[in-house]
file data_0.cif (mmCIF, N, CA and C atoms)
data_query
loop_
_atom_site.label_atom_id
_atom_site.label_comp_id
_atom_site.auth_asym_id
_atom_site.auth_seq_id
_atom_site.Cartn_x
_atom_site.Cartn_y
_atom_site.Cartn_z
N MET A 1 34.17 8.76 -40.89
CA MET A 1 34.57 7.57 -41.61
C MET A 1 34.53 6.36 -40.65
N GLU A 2 33.98 5.27 -41.13
CA GLU A 2 33.86 4.06 -40.33
C GLU A 2 35.21 3.36 -40.22
N ARG A 3 35.54 2.93 -39.02
CA ARG A 3 36.79 2.22 -38.77
C ARG A 3 36.68 0.79 -39.30
N ILE A 4 37.70 0.32 -39.98
CA ILE A 4 37.72 -1.04 -40.50
C ILE A 4 38.24 -1.97 -39.40
N TRP A 5 37.48 -3.02 -39.14
CA TRP A 5 37.85 -3.99 -38.11
C TRP A 5 38.34 -5.27 -38.77
N LYS A 6 39.42 -5.81 -38.24
CA LYS A 6 39.94 -7.09 -38.73
C LYS A 6 40.39 -7.91 -37.53
N PRO A 7 40.10 -9.21 -37.55
CA PRO A 7 40.60 -10.07 -36.47
C PRO A 7 42.09 -10.33 -36.65
N ASN A 8 42.76 -10.68 -35.57
CA ASN A 8 44.14 -11.12 -35.61
C ASN A 8 44.14 -12.61 -35.90
N VAL A 9 44.68 -13.01 -37.04
CA VAL A 9 44.71 -14.42 -37.43
C VAL A 9 45.95 -15.08 -36.82
N THR A 10 45.70 -16.12 -36.04
CA THR A 10 46.80 -16.84 -35.38
C THR A 10 46.68 -18.34 -35.64
N VAL A 11 47.79 -19.01 -35.41
CA VAL A 11 47.83 -20.47 -35.49
C VAL A 11 48.36 -21.00 -34.16
N ALA A 12 48.03 -22.24 -33.85
CA ALA A 12 48.53 -22.90 -32.65
C ALA A 12 48.71 -24.37 -32.96
N SER A 13 49.64 -24.99 -32.25
CA SER A 13 49.92 -26.41 -32.45
C SER A 13 49.61 -27.20 -31.19
N VAL A 14 48.77 -28.21 -31.35
CA VAL A 14 48.39 -29.08 -30.24
C VAL A 14 49.15 -30.39 -30.46
N ILE A 15 50.15 -30.61 -29.62
CA ILE A 15 51.06 -31.74 -29.81
C ILE A 15 51.08 -32.59 -28.55
N GLU A 16 50.66 -33.84 -28.69
CA GLU A 16 50.62 -34.77 -27.56
C GLU A 16 51.66 -35.86 -27.78
N ARG A 17 52.38 -36.17 -26.73
CA ARG A 17 53.34 -37.27 -26.75
C ARG A 17 53.30 -37.95 -25.39
N ASP A 18 52.99 -39.22 -25.38
CA ASP A 18 52.96 -40.01 -24.13
C ASP A 18 52.08 -39.36 -23.06
N GLY A 19 50.92 -38.84 -23.49
CA GLY A 19 49.97 -38.27 -22.53
C GLY A 19 50.32 -36.87 -22.05
N ARG A 20 51.33 -36.25 -22.65
CA ARG A 20 51.72 -34.88 -22.29
C ARG A 20 51.63 -33.98 -23.51
N PHE A 21 51.35 -32.70 -23.26
CA PHE A 21 51.20 -31.73 -24.34
C PHE A 21 52.36 -30.74 -24.31
N LEU A 22 52.86 -30.44 -25.49
CA LEU A 22 53.95 -29.47 -25.64
C LEU A 22 53.39 -28.06 -25.52
N VAL A 23 53.88 -27.32 -24.54
CA VAL A 23 53.47 -25.94 -24.34
C VAL A 23 54.72 -25.08 -24.14
N VAL A 24 54.50 -23.79 -24.21
CA VAL A 24 55.59 -22.85 -23.94
C VAL A 24 55.21 -21.97 -22.77
N GLU A 25 56.22 -21.57 -22.03
CA GLU A 25 56.04 -20.56 -20.99
C GLU A 25 56.64 -19.28 -21.58
N GLU A 26 55.81 -18.25 -21.64
CA GLU A 26 56.24 -17.03 -22.33
C GLU A 26 55.98 -15.79 -21.50
N GLU A 27 56.79 -14.76 -21.77
CA GLU A 27 56.63 -13.48 -21.12
C GLU A 27 55.48 -12.73 -21.80
N THR A 28 54.59 -12.17 -20.99
CA THR A 28 53.48 -11.36 -21.52
C THR A 28 53.36 -10.11 -20.65
N ALA A 29 52.51 -9.19 -21.05
CA ALA A 29 52.26 -7.99 -20.25
C ALA A 29 51.67 -8.34 -18.89
N ASP A 30 51.06 -9.55 -18.79
CA ASP A 30 50.46 -10.01 -17.53
C ASP A 30 51.36 -10.97 -16.77
N GLY A 31 52.63 -11.04 -17.13
CA GLY A 31 53.57 -11.94 -16.47
C GLY A 31 53.77 -13.21 -17.27
N LEU A 32 54.41 -14.21 -16.67
CA LEU A 32 54.66 -15.48 -17.36
C LEU A 32 53.37 -16.25 -17.54
N ARG A 33 53.13 -16.71 -18.76
CA ARG A 33 51.91 -17.43 -19.09
C ARG A 33 52.25 -18.66 -19.91
N PHE A 34 51.33 -19.65 -19.87
CA PHE A 34 51.46 -20.86 -20.68
C PHE A 34 50.59 -20.75 -21.93
N ASN A 35 51.09 -21.30 -23.02
CA ASN A 35 50.36 -21.28 -24.28
C ASN A 35 50.82 -22.47 -25.11
N GLN A 36 50.04 -22.82 -26.10
CA GLN A 36 50.54 -23.73 -27.10
C GLN A 36 51.60 -22.97 -27.91
N PRO A 37 52.47 -23.67 -28.63
CA PRO A 37 53.29 -22.96 -29.60
C PRO A 37 52.30 -22.27 -30.55
N ALA A 38 52.41 -20.96 -30.67
CA ALA A 38 51.39 -20.22 -31.40
C ALA A 38 51.95 -18.88 -31.85
N GLY A 39 51.28 -18.30 -32.83
CA GLY A 39 51.68 -16.98 -33.29
C GLY A 39 50.84 -16.53 -34.45
N HIS A 40 51.22 -15.40 -34.99
CA HIS A 40 50.46 -14.75 -36.06
C HIS A 40 50.84 -15.29 -37.43
N LEU A 41 49.85 -15.36 -38.28
CA LEU A 41 50.05 -15.69 -39.69
C LEU A 41 50.84 -14.55 -40.32
N GLU A 42 51.88 -14.89 -41.08
CA GLU A 42 52.69 -13.88 -41.75
C GLU A 42 52.33 -13.80 -43.22
N ALA A 43 52.60 -12.67 -43.81
CA ALA A 43 52.28 -12.43 -45.22
C ALA A 43 52.92 -13.51 -46.09
N GLY A 44 52.13 -14.05 -47.01
CA GLY A 44 52.64 -15.00 -47.97
C GLY A 44 52.70 -16.45 -47.53
N GLU A 45 52.41 -16.73 -46.27
CA GLU A 45 52.48 -18.13 -45.84
C GLU A 45 51.09 -18.71 -45.65
N SER A 46 51.00 -20.03 -45.76
CA SER A 46 49.73 -20.71 -45.50
C SER A 46 49.58 -20.90 -44.00
N LEU A 47 48.37 -21.20 -43.58
CA LEU A 47 48.13 -21.48 -42.16
C LEU A 47 48.97 -22.66 -41.69
N ILE A 48 49.08 -23.68 -42.52
CA ILE A 48 49.84 -24.88 -42.17
C ILE A 48 51.33 -24.55 -42.04
N GLU A 49 51.84 -23.75 -42.97
CA GLU A 49 53.25 -23.33 -42.89
C GLU A 49 53.49 -22.51 -41.63
N ALA A 50 52.54 -21.65 -41.29
CA ALA A 50 52.68 -20.81 -40.10
C ALA A 50 52.74 -21.66 -38.83
N ALA A 51 51.92 -22.69 -38.74
CA ALA A 51 51.93 -23.56 -37.55
C ALA A 51 53.28 -24.27 -37.42
N ALA A 52 53.80 -24.77 -38.52
CA ALA A 52 55.11 -25.45 -38.48
C ALA A 52 56.21 -24.47 -38.08
N ARG A 53 56.19 -23.28 -38.67
CA ARG A 53 57.21 -22.26 -38.36
C ARG A 53 57.16 -21.85 -36.90
N GLU A 54 55.97 -21.50 -36.41
CA GLU A 54 55.84 -21.05 -35.02
C GLU A 54 56.29 -22.12 -34.03
N THR A 55 55.95 -23.37 -34.31
CA THR A 55 56.35 -24.46 -33.41
C THR A 55 57.86 -24.58 -33.35
N LEU A 56 58.50 -24.55 -34.50
CA LEU A 56 59.97 -24.63 -34.53
C LEU A 56 60.59 -23.45 -33.81
N GLU A 57 60.11 -22.24 -34.07
CA GLU A 57 60.69 -21.04 -33.47
C GLU A 57 60.50 -21.01 -31.95
N GLU A 58 59.38 -21.51 -31.46
CA GLU A 58 59.09 -21.40 -30.04
C GLU A 58 59.50 -22.60 -29.20
N THR A 59 59.70 -23.76 -29.85
CA THR A 59 60.01 -24.97 -29.07
C THR A 59 61.28 -25.69 -29.50
N ALA A 60 61.83 -25.35 -30.66
CA ALA A 60 62.98 -26.04 -31.26
C ALA A 60 62.63 -27.45 -31.71
N HIS A 61 61.33 -27.73 -31.85
CA HIS A 61 60.86 -29.00 -32.39
C HIS A 61 60.28 -28.76 -33.77
N GLY A 62 60.69 -29.58 -34.75
CA GLY A 62 60.01 -29.54 -36.03
C GLY A 62 58.59 -30.04 -35.83
N PHE A 63 57.68 -29.62 -36.66
CA PHE A 63 56.27 -30.00 -36.50
C PHE A 63 55.65 -30.24 -37.85
N VAL A 64 54.94 -31.36 -37.97
CA VAL A 64 54.20 -31.67 -39.19
C VAL A 64 52.71 -31.67 -38.85
N PRO A 65 51.98 -30.61 -39.26
CA PRO A 65 50.54 -30.58 -39.02
C PRO A 65 49.85 -31.70 -39.81
N GLU A 66 48.96 -32.44 -39.12
CA GLU A 66 48.25 -33.54 -39.75
C GLU A 66 46.74 -33.36 -39.72
N TYR A 67 46.25 -32.53 -38.79
CA TYR A 67 44.81 -32.33 -38.61
C TYR A 67 44.55 -30.88 -38.25
N LEU A 68 43.34 -30.45 -38.52
CA LEU A 68 42.82 -29.21 -37.96
C LEU A 68 42.02 -29.62 -36.72
N VAL A 69 42.38 -29.10 -35.57
CA VAL A 69 41.68 -29.42 -34.33
C VAL A 69 40.45 -28.54 -34.17
N GLY A 70 40.58 -27.29 -34.56
CA GLY A 70 39.44 -26.39 -34.45
C GLY A 70 39.79 -24.98 -34.89
N ILE A 71 38.76 -24.19 -35.06
CA ILE A 71 38.89 -22.77 -35.37
C ILE A 71 38.19 -22.04 -34.24
N TYR A 72 38.87 -21.09 -33.62
CA TYR A 72 38.38 -20.45 -32.41
C TYR A 72 38.36 -18.93 -32.58
N GLN A 73 37.24 -18.32 -32.30
CA GLN A 73 37.12 -16.87 -32.35
C GLN A 73 36.99 -16.37 -30.92
N TRP A 74 37.96 -15.55 -30.48
CA TRP A 74 37.98 -15.09 -29.10
C TRP A 74 38.17 -13.59 -29.03
N PRO A 75 37.11 -12.85 -28.67
CA PRO A 75 37.28 -11.41 -28.41
C PRO A 75 37.87 -11.23 -27.01
N VAL A 76 38.99 -10.57 -26.94
CA VAL A 76 39.66 -10.35 -25.65
C VAL A 76 38.77 -9.47 -24.78
N PRO A 77 38.49 -9.91 -23.56
CA PRO A 77 37.66 -9.09 -22.67
C PRO A 77 38.31 -7.72 -22.42
N ASN A 78 37.50 -6.69 -22.33
CA ASN A 78 37.98 -5.34 -22.03
C ASN A 78 39.00 -4.84 -23.05
N GLY A 79 38.80 -5.18 -24.29
CA GLY A 79 39.70 -4.71 -25.34
C GLY A 79 38.98 -4.73 -26.67
N ASP A 80 39.67 -4.29 -27.70
CA ASP A 80 39.03 -4.32 -29.01
C ASP A 80 39.78 -5.25 -29.97
N ILE A 81 40.44 -6.23 -29.40
CA ILE A 81 41.16 -7.23 -30.19
C ILE A 81 40.35 -8.53 -30.20
N THR A 82 40.23 -9.13 -31.36
CA THR A 82 39.64 -10.45 -31.50
C THR A 82 40.65 -11.35 -32.20
N TYR A 83 40.88 -12.51 -31.62
CA TYR A 83 41.77 -13.49 -32.23
C TYR A 83 40.95 -14.54 -32.96
N LEU A 84 41.40 -14.91 -34.13
CA LEU A 84 40.84 -16.01 -34.90
C LEU A 84 41.95 -17.04 -35.00
N ARG A 85 41.84 -18.09 -34.18
CA ARG A 85 42.90 -19.10 -34.03
C ARG A 85 42.55 -20.36 -34.81
N PHE A 86 43.52 -20.82 -35.58
CA PHE A 86 43.44 -22.10 -36.27
C PHE A 86 44.40 -23.03 -35.54
N ALA A 87 43.86 -24.05 -34.87
CA ALA A 87 44.69 -24.98 -34.09
C ALA A 87 44.89 -26.26 -34.87
N PHE A 88 46.14 -26.69 -34.94
CA PHE A 88 46.52 -27.88 -35.69
C PHE A 88 47.09 -28.93 -34.76
N GLY A 89 46.78 -30.18 -35.04
CA GLY A 89 47.39 -31.29 -34.34
C GLY A 89 48.32 -32.00 -35.30
N GLY A 90 49.31 -32.65 -34.74
CA GLY A 90 50.24 -33.37 -35.59
C GLY A 90 51.40 -33.94 -34.80
N THR A 91 52.47 -34.18 -35.51
CA THR A 91 53.63 -34.86 -34.94
C THR A 91 54.81 -33.90 -34.83
N ALA A 92 55.45 -33.91 -33.66
CA ALA A 92 56.66 -33.12 -33.45
C ALA A 92 57.86 -34.03 -33.54
N GLY A 93 58.91 -33.51 -34.13
CA GLY A 93 60.17 -34.24 -34.18
C GLY A 93 60.95 -34.04 -32.91
N ALA A 94 62.15 -34.57 -32.90
CA ALA A 94 63.04 -34.41 -31.75
C ALA A 94 63.44 -32.95 -31.61
N GLU A 95 63.75 -32.55 -30.40
CA GLU A 95 64.20 -31.19 -30.15
C GLU A 95 65.55 -30.97 -30.83
N GLN A 96 65.70 -29.84 -31.48
CA GLN A 96 66.97 -29.49 -32.12
C GLN A 96 67.86 -28.84 -31.06
N ALA A 97 68.77 -29.63 -30.52
CA ALA A 97 69.63 -29.17 -29.43
C ALA A 97 70.38 -27.90 -29.84
N GLY A 98 70.41 -26.94 -28.92
CA GLY A 98 71.15 -25.71 -29.15
C GLY A 98 70.41 -24.65 -29.93
N ARG A 99 69.23 -24.96 -30.44
CA ARG A 99 68.47 -23.96 -31.20
C ARG A 99 67.87 -22.94 -30.23
N ALA A 100 68.11 -21.67 -30.49
CA ALA A 100 67.57 -20.60 -29.65
C ALA A 100 66.06 -20.50 -29.86
N LEU A 101 65.33 -20.21 -28.79
CA LEU A 101 63.89 -20.01 -28.86
C LEU A 101 63.59 -18.54 -29.13
N ASP A 102 62.40 -18.28 -29.67
CA ASP A 102 61.98 -16.91 -29.95
C ASP A 102 62.12 -16.02 -28.73
N ALA A 103 62.32 -14.74 -28.97
CA ALA A 103 62.35 -13.76 -27.89
C ALA A 103 61.04 -13.83 -27.13
N GLY A 104 61.11 -13.79 -25.82
CA GLY A 104 59.92 -13.85 -24.98
C GLY A 104 59.53 -15.25 -24.55
N ILE A 105 60.08 -16.27 -25.20
CA ILE A 105 59.79 -17.65 -24.80
C ILE A 105 60.83 -18.05 -23.75
N VAL A 106 60.36 -18.39 -22.57
CA VAL A 106 61.25 -18.76 -21.47
C VAL A 106 61.68 -20.21 -21.61
N ARG A 107 60.70 -21.08 -21.94
CA ARG A 107 61.02 -22.51 -22.09
C ARG A 107 59.85 -23.22 -22.75
N ALA A 108 60.17 -24.38 -23.31
CA ALA A 108 59.15 -25.31 -23.81
C ALA A 108 59.12 -26.47 -22.85
N LEU A 109 57.93 -26.99 -22.56
CA LEU A 109 57.82 -28.11 -21.63
C LEU A 109 56.61 -28.96 -21.98
N TRP A 110 56.60 -30.17 -21.45
CA TRP A 110 55.52 -31.14 -21.69
C TRP A 110 54.72 -31.28 -20.42
N LEU A 111 53.41 -30.98 -20.49
CA LEU A 111 52.53 -31.07 -19.32
C LEU A 111 51.36 -32.02 -19.59
N THR A 112 50.93 -32.70 -18.55
CA THR A 112 49.75 -33.56 -18.66
C THR A 112 48.50 -32.68 -18.70
N PRO A 113 47.38 -33.23 -19.14
CA PRO A 113 46.14 -32.44 -19.08
C PRO A 113 45.81 -31.95 -17.68
N ASP A 114 46.04 -32.80 -16.65
CA ASP A 114 45.76 -32.37 -15.28
C ASP A 114 46.69 -31.24 -14.85
N GLU A 115 47.96 -31.31 -15.22
CA GLU A 115 48.88 -30.21 -14.90
C GLU A 115 48.44 -28.92 -15.58
N LEU A 116 47.96 -29.03 -16.81
CA LEU A 116 47.45 -27.85 -17.51
C LEU A 116 46.20 -27.29 -16.84
N ARG A 117 45.31 -28.19 -16.43
CA ARG A 117 44.09 -27.73 -15.73
C ARG A 117 44.45 -27.02 -14.42
N ASP A 118 45.46 -27.55 -13.73
CA ASP A 118 45.85 -26.98 -12.44
C ASP A 118 46.47 -25.59 -12.56
N CYS A 119 47.02 -25.26 -13.72
CA CYS A 119 47.64 -23.94 -13.89
C CYS A 119 46.83 -23.05 -14.82
N ARG A 120 45.55 -23.32 -14.92
CA ARG A 120 44.65 -22.58 -15.84
C ARG A 120 44.74 -21.06 -15.63
N ALA A 121 44.94 -20.61 -14.41
CA ALA A 121 45.03 -19.17 -14.13
C ALA A 121 46.24 -18.53 -14.83
N ARG A 122 47.19 -19.34 -15.21
CA ARG A 122 48.39 -18.83 -15.88
C ARG A 122 48.37 -19.08 -17.39
N HIS A 123 47.23 -19.48 -17.94
CA HIS A 123 47.13 -19.68 -19.40
C HIS A 123 47.04 -18.33 -20.09
N ARG A 124 47.60 -18.26 -21.27
CA ARG A 124 47.58 -17.01 -22.06
C ARG A 124 46.14 -16.61 -22.41
N SER A 125 45.30 -17.61 -22.63
CA SER A 125 43.90 -17.36 -22.95
C SER A 125 43.10 -18.63 -22.64
N PRO A 126 41.77 -18.54 -22.66
CA PRO A 126 40.95 -19.75 -22.46
C PRO A 126 41.09 -20.73 -23.62
N LEU A 127 41.66 -20.30 -24.72
CA LEU A 127 41.83 -21.19 -25.88
C LEU A 127 42.83 -22.30 -25.60
N VAL A 128 43.78 -22.07 -24.70
CA VAL A 128 44.81 -23.07 -24.42
C VAL A 128 44.17 -24.37 -23.96
N MET A 129 43.36 -24.31 -22.94
CA MET A 129 42.75 -25.53 -22.41
C MET A 129 41.70 -26.07 -23.37
N GLN A 130 40.96 -25.18 -24.03
CA GLN A 130 39.93 -25.63 -24.95
C GLN A 130 40.53 -26.45 -26.09
N CYS A 131 41.66 -26.03 -26.61
CA CYS A 131 42.31 -26.79 -27.69
C CYS A 131 42.72 -28.18 -27.20
N VAL A 132 43.26 -28.25 -25.99
CA VAL A 132 43.66 -29.55 -25.42
C VAL A 132 42.43 -30.43 -25.22
N GLU A 133 41.37 -29.87 -24.64
CA GLU A 133 40.15 -30.66 -24.42
C GLU A 133 39.57 -31.14 -25.75
N ASP A 134 39.60 -30.30 -26.77
CA ASP A 134 39.09 -30.72 -28.08
C ASP A 134 39.93 -31.86 -28.65
N TRP A 135 41.24 -31.80 -28.47
CA TRP A 135 42.12 -32.88 -28.92
C TRP A 135 41.79 -34.18 -28.17
N ILE A 136 41.62 -34.08 -26.87
CA ILE A 136 41.36 -35.26 -26.04
C ILE A 136 40.08 -35.97 -26.47
N VAL A 137 39.03 -35.21 -26.82
CA VAL A 137 37.77 -35.84 -27.22
C VAL A 137 37.77 -36.27 -28.69
N GLY A 138 38.89 -36.08 -29.37
CA GLY A 138 39.03 -36.62 -30.71
C GLY A 138 38.70 -35.69 -31.86
N ARG A 139 38.69 -34.40 -31.61
CA ARG A 139 38.41 -33.47 -32.71
C ARG A 139 39.61 -33.38 -33.63
N ARG A 140 39.46 -33.94 -34.81
CA ARG A 140 40.51 -33.94 -35.82
C ARG A 140 39.83 -33.86 -37.18
N TYR A 141 40.12 -32.80 -37.90
CA TYR A 141 39.50 -32.57 -39.20
C TYR A 141 40.58 -32.57 -40.27
N ALA A 142 40.20 -33.06 -41.43
CA ALA A 142 41.15 -33.17 -42.54
C ALA A 142 41.67 -31.80 -42.95
N LEU A 143 42.96 -31.75 -43.25
CA LEU A 143 43.57 -30.50 -43.69
C LEU A 143 43.00 -30.02 -45.02
N GLU A 144 42.34 -30.91 -45.74
CA GLU A 144 41.72 -30.53 -47.01
C GLU A 144 40.62 -29.48 -46.83
N LEU A 145 40.17 -29.26 -45.58
CA LEU A 145 39.19 -28.19 -45.33
C LEU A 145 39.77 -26.82 -45.65
N ILE A 146 41.09 -26.73 -45.61
CA ILE A 146 41.76 -25.44 -45.81
C ILE A 146 42.31 -25.38 -47.22
N ARG A 147 41.99 -24.33 -47.91
CA ARG A 147 42.51 -24.10 -49.26
C ARG A 147 43.40 -22.87 -49.23
N HIS A 148 44.64 -23.03 -49.68
CA HIS A 148 45.56 -21.90 -49.75
C HIS A 148 45.86 -21.61 -51.22
N TYR A 149 45.63 -20.38 -51.61
CA TYR A 149 45.91 -19.97 -52.99
C TYR A 149 47.08 -19.02 -52.97
N SER A 150 48.10 -19.32 -53.74
CA SER A 150 49.26 -18.43 -53.83
C SER A 150 48.95 -17.31 -54.81
N ALA A 151 49.64 -16.20 -54.60
CA ALA A 151 49.44 -15.03 -55.48
C ALA A 151 49.95 -15.30 -56.88
#
call {"tool": "encode", "arguments": {"input": "data_0.cif", "output": "structure tokens"}}
result
Amino acid sequence: MERIWKPNVTVASVIERDGRFLVVEEETADGLRFNQPAGHLEAGESLIEAAARETLEETAHGFVPEYLVGIYQWPVPNGDITYLRFAFGGTAGAEQAGRALDAGIVRALWLTPDELRDCRARHRSPLVMQCVEDWIVGRRYALELIRHYSA
């Protein structure tokens, strides 16, 4: 019988404020790594809802997605996992003081593009920097590209 293959669908939020990008430092099997606020699409939610939820859970900042920055397909080297990432840009609200961050998230912080480039070896994946670079060059697509149909 042939094995059924499915990509892991994830969302990420690319949030810039005053020349700095909101990222998280998280625990991984490879040690502490930097990533955008990101995570897996959950049953019953839209991609846009998932991006807002993940950002709040991982950074304690509300997030309003305004653009699609890009769609990224990344097969993990030396593995059989492929991620299909939908990256959204938009506006983050103020941090909700006292809100606990998701398990595994050490902290949320704001880094400049140069600071992110300098710590590239500690990125969760090559998608982290690519999403930032795409944002910097102006990649912003209307959310109308995405159609969500409820059951």
call {"tool": "closest_residue", "arguments": {"input": "data_0.cif", "among": "A:Ala38, A:Glu133, A:Gly62, A:Gly104", "to": "Arg117 in chain A", "atoms": "only C-alpha atoms"}}
result
A:Glu133
call {"tool": "axis_aligned_box", "arguments": {"input": "data_0.cif", "around": "range 27-35 of chain A", "padding_each_side": "5 Å", "output": "lines of an AutoDock Vina configuration file"}}
result
center_x = 53.6
center_y = -15.2
center_z = -20.8
size_x = 16.4
size_y = 24.5
size_z = 18.6
call {"tool": "residues_around", "arguments": {"input": "data_0.cif", "residues": "Asn35 in chain A", "least_positions_apart": "4", "cutoff": "6.5 Å", "atoms": "all atoms listed in the file", "output": "number ranges by chain"}}
result
A: 22-26, 123-125, 128
call {"tool": "closest_residue", "arguments": {"input": "data_0.cif", "among": "A:Leu84, A:Leu56, A:Val76, A:Ala29", "to": "Val9 in chain A", "atoms": "all atoms listed in the file"}}
result
A:Leu84
call {"tool": "residues_around", "arguments": {"input": "data_0.cif", "residues": "range 98-103 of chain A", "least_positions_apart": "5", "cutoff": "6.5 Å", "atoms": "all atoms listed in the file", "output": "ChimeraX atom specification"}}
result
/A:57-60
call {"tool": "write_last_selection", "arguments": {"input": "data_0.cif", "atoms": "N, CA and C atoms", "output": "PDB file, keeping the file's coordinate frame"}}
result
ATOM      1  N   GLU A  57      60.110 -22.240 -34.070  1.00  0.00           N
ATOM      2  CA  GLU A  57      60.690 -21.040 -33.470  1.00  0.00           C
ATOM      3  C   GLU A  57      60.500 -21.010 -31.950  1.00  0.00           C
ATOM      4  N   GLU A  58      59.380 -21.510 -31.460  1.00  0.00           N
ATOM      5  CA  GLU A  58      59.090 -21.400 -30.040  1.00  0.00           C
ATOM      6  C   GLU A  58      59.500 -22.600 -29.200  1.00  0.00           C
ATOM      7  N   THR A  59      59.700 -23.760 -29.850  1.00  0.00           N
ATOM      8  CA  THR A  59      60.010 -24.970 -29.070  1.00  0.00           C
ATOM      9  C   THR A  59      61.280 -25.690 -29.500  1.00  0.00           C
ATOM     10  N   ALA A  60      61.830 -25.350 -30.660  1.00  0.00           N
ATOM     11  CA  ALA A  60      62.980 -26.040 -31.260  1.00  0.00           C
ATOM     12  C   ALA A  60      62.630 -27.450 -31.710  1.00  0.00           C
TER      13      ALA A  60
END
call {"tool": "residues_around", "arguments": {"input": "data_0.cif", "residues": "Glu42 in chain A", "least_positions_apart": "4", "cutoff": "8 Å", "atoms": "only N, CA and C atoms", "output": "list in words"}}
result
Val9, Thr10, Ser46, Leu47, Glu49 and Ala50 of chain A
call {"tool": "select_by_dssp", "arguments": {"input": "data_0.cif", "residues": "range 17-125 of chain A", "states": "alpha helix (DSSP H)", "output": "list in words"}}
result
Leu47, Ile48, Glu49, Ala50, Ala51, Ala52, Arg53, Glu54, Thr55, Leu56, Glu57, Glu58, Thr59, Pro113, Asp114, Glu115, Leu116, Arg117 and Asp118 of chain A
call {"tool": "closest_residue", "arguments": {"input": "data_0.cif", "among": "A:Arg140, A:Arg122, A:Arg107, A:Arg147", "to": "Ala87 in chain A", "atoms": "only C-alpha atoms"}}
result
A:Arg140
call {"tool": "residues_around", "arguments": {"input": "data_0.cif", "residues": "Val64 in chain A", "least_positions_apart": "5", "cutoff": "7 Å", "atoms": "all atoms listed in the file", "output": "VMD selection string"}}
result
chain A and resid 52 89 to 93
call {"tool": "atom_distance", "arguments": {"input": "data_0.cif", "atom1": "CA of Arg53 in chain A", "atom2": "atom N of Gly138 in chain A"}}
result
24.6 Å
call {"tool": "residues_around", "arguments": {"input": "data_0.cif", "residues": "range 3-8 of chain A", "least_positions_apart": "6", "cutoff": "7 Å", "atoms": "all atoms listed in the file", "output": "CSV table (one decimal) with N, CA and C atoms, in the coordinates of the input"}}
result
chain,number,residue,atom,x,y,z
A,40,HIS,N,51.2,-15.4,-35.0
A,40,HIS,CA,50.5,-14.8,-36.1
A,40,HIS,C,50.8,-15.3,-37.4
A,41,LEU,N,49.8,-15.4,-38.3
A,41,LEU,CA,50.0,-15.7,-39.7
A,41,LEU,C,50.8,-14.6,-40.3
A,81,ILE,N,40.4,-6.2,-29.4
A,81,ILE,CA,41.2,-7.2,-30.2
A,81,ILE,C,40.4,-8.5,-30.2
A,82,THR,N,40.2,-9.1,-31.4
A,82,THR,CA,39.6,-10.4,-31.5
A,82,THR,C,40.6,-11.4,-32.2
A,83,TYR,N,40.9,-12.5,-31.6
A,83,TYR,CA,41.8,-13.5,-32.2
A,83,TYR,C,41.0,-14.5,-33.0
A,84,LEU,N,41.4,-14.9,-34.1
A,84,LEU,CA,40.8,-16.0,-34.9
A,84,LEU,C,42.0,-17.0,-35.0
A,85,ARG,N,41.8,-18.1,-34.2
A,85,ARG,CA,42.9,-19.1,-34.0
A,85,ARG,C,42.6,-20.4,-34.8
call {"tool": "select_by_dssp", "arguments": {"input": "data_0.cif", "residues": "range 31-147 of chain A", "states": "strand (DSSP E or B)", "output": "PyMOL selection string"}}
result
chain A and resi 31-35+38-40+61-75+82-95+105-111+123+141
call {"tool": "closest_residue", "arguments": {"input": "data_0.cif", "among": "A:Val132, A:Tyr141, A:Tyr149, A:Glu2", "to": "Ile15 in chain A", "atoms": "only N, CA and C atoms"}}
result
A:Val132
call {"tool": "atom_distance", "arguments": {"input": "data_0.cif", "atom1": "CA of His61 in chain A", "atom2": "CA of Gly19 in chain A"}}
result
17.4 Å
